[in-house]
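Peer 1: This is the structure I want to talk about, given as structure tokens.
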Amino acid sequence: MYCYAVLLLNKKKNTMATIEKRTTDEGKVIHRVKIRLKGYPPQTASFQRLTDAKKWAQHTEAAIREGRHFKIAAAKKHTLAETIDRYCEEILSFKPNSTENQRHYLKWWRKEIGSYLLSDLTPALLIEHRGKLIGSENKFGRQIGPSTVNRYVTALGHVFTVAVNEWEWMEQNPVRKVSKYKEPRGRVRFLSDDEREKLLEACKESDNRFLYTVVVLALSTGARKMELLGLKWQDVDLTRKSIILHETKNDDRRVLPLQGYALSLILECSKIRKLHCPYIFPSDKKCQPIDIRTAWENALKKAEIEDFRFHDLEKKLADHKTTPLSQKLADAMATLVRLPESQQGRAKRKG
């Protein structure tokens, strides 16, 4: 084997590219390029043709100066699975509210295209796999619609945003070139008195010990599911009979009255609270908000209620936007008072 060197020197820019021609014992010619740029680590690559070696040297030097090269290099080293894992550990773990939905969405992407390098992720690839979601069934047998698919894509897009801006693993976010599905207008679904009684009874009989209390709170306060599950004992003022929501969907702090039956259920929870866990509704295994998704779906099936989502519970109060909050609570409490006497008693908890 023998070699010779070609020097591409640019004194004005204080750079030097060295191209070495090597011939192996088998007669194969290889041109090895090494770029040395002050303030940056050396970069190397090998090519069969000299013209390709010179092109790479010029393009790489320009990319380094523009701050693009090392992002491109990192994108060729890391897979989407690695990126999602780091995101879950460093970002989602420190989010104040429950992140079960985001984790669920990212788990799907990880399974579908987790083995791909970041450099190989294109808008076309994402759109191709997004198409598998629309119309498919989730584990509860419901079809996944446009709104939910958009949330899958949004969750992945934020992973890429962090990878671009904070970790410098990518040069650009491919989700920015993926248009969203047009979402249908908001739906309106209310429970009849009979449906409400059946649902509450099914929730009370659930294996999930907190489901019943969470549903009653949703009916009586109009709070969202994630707001309720993320509640901590420091957010509840039993003396003033109120709940303070510090982290909401709109980033506005809200105070909710806590009265009547809902208050009595919270008092029951305070008797069995975990001393070393701040959450009112903690998971059995970890100090984190409990996951009620499966228990909720099972309760709906047991109560034979169709086309109903948890967020529909809050609409009872949301419909009275022009009514004082105290009146909203009065309406909600009146609804609970109309329940059968057996359901107005103290909730029996399991396990």
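How things are named: the first chain in the structure tokens is A, the next is B, and so on; residues count from 1 in each chain; ligands count from 1 in the order shown.
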Could you list, as an NGL selection string, every residue within 9 Å of range 205-215 of chain A, counting only C-alpha atoms and ignoring same-chain residues fewer than 3 positions away?
Peer 2: :A and (200-202 or 218-220 or 225 or 228-229 or 262 or 265-266 or 269 or 281-282 or 290 or 292 or 295-296 or 298-299 or 310 or 313 or 347-351)
Peer 1: Measure the distance from CA of Ile127 in chain A to CA of Val178 in chain A in Å and round it to one decimal.
Peer 2: 6.9 Å
Peer 1: Once DSSP has gone over the backbone, tell me which residues of range 115-183 of chain A are in alpha helix (DSSP H), as a VMD selection string.
Peer 2: chain A and resid 123 to 133 146 to 165
Peer 1: Just give me the gap between CA of Lys285 in chain A and CA of Arg151 in chain A in Å, one decimal is fine.
Peer 2: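 For CA of Lys285 in chain A relative to CA of Arg151 in chain A, the distance reads 27.7 Å.
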Peer 1: Between CA of His276 in chain A and CA of Ile91 in chain A, what is the distance in Å, rounded to a tenth?
Peer 2: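 It comes out at 23.1 Å.
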Peer 1: In terms of the shortest atom-to-atom distance over only C-alpha atoms, which of A:Leu156, A:Val162, A:Ile134, A:Ala74 is closest to Gly114 in chain A?
Peer 2: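 Using only C-alpha atoms, the shortest distance to Gly114 in chain A belongs to A:Leu156.
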Peer 1: Env of Ile84 in chain A: 9 Å cut, atoms = only C-alpha atoms, seq-sep filter 2 positions within chain, self excluded. Answer as a PyMOL selection string.
Peer 2: chain A and resi 79-82+86-89+106-107+109-110+114+156+159
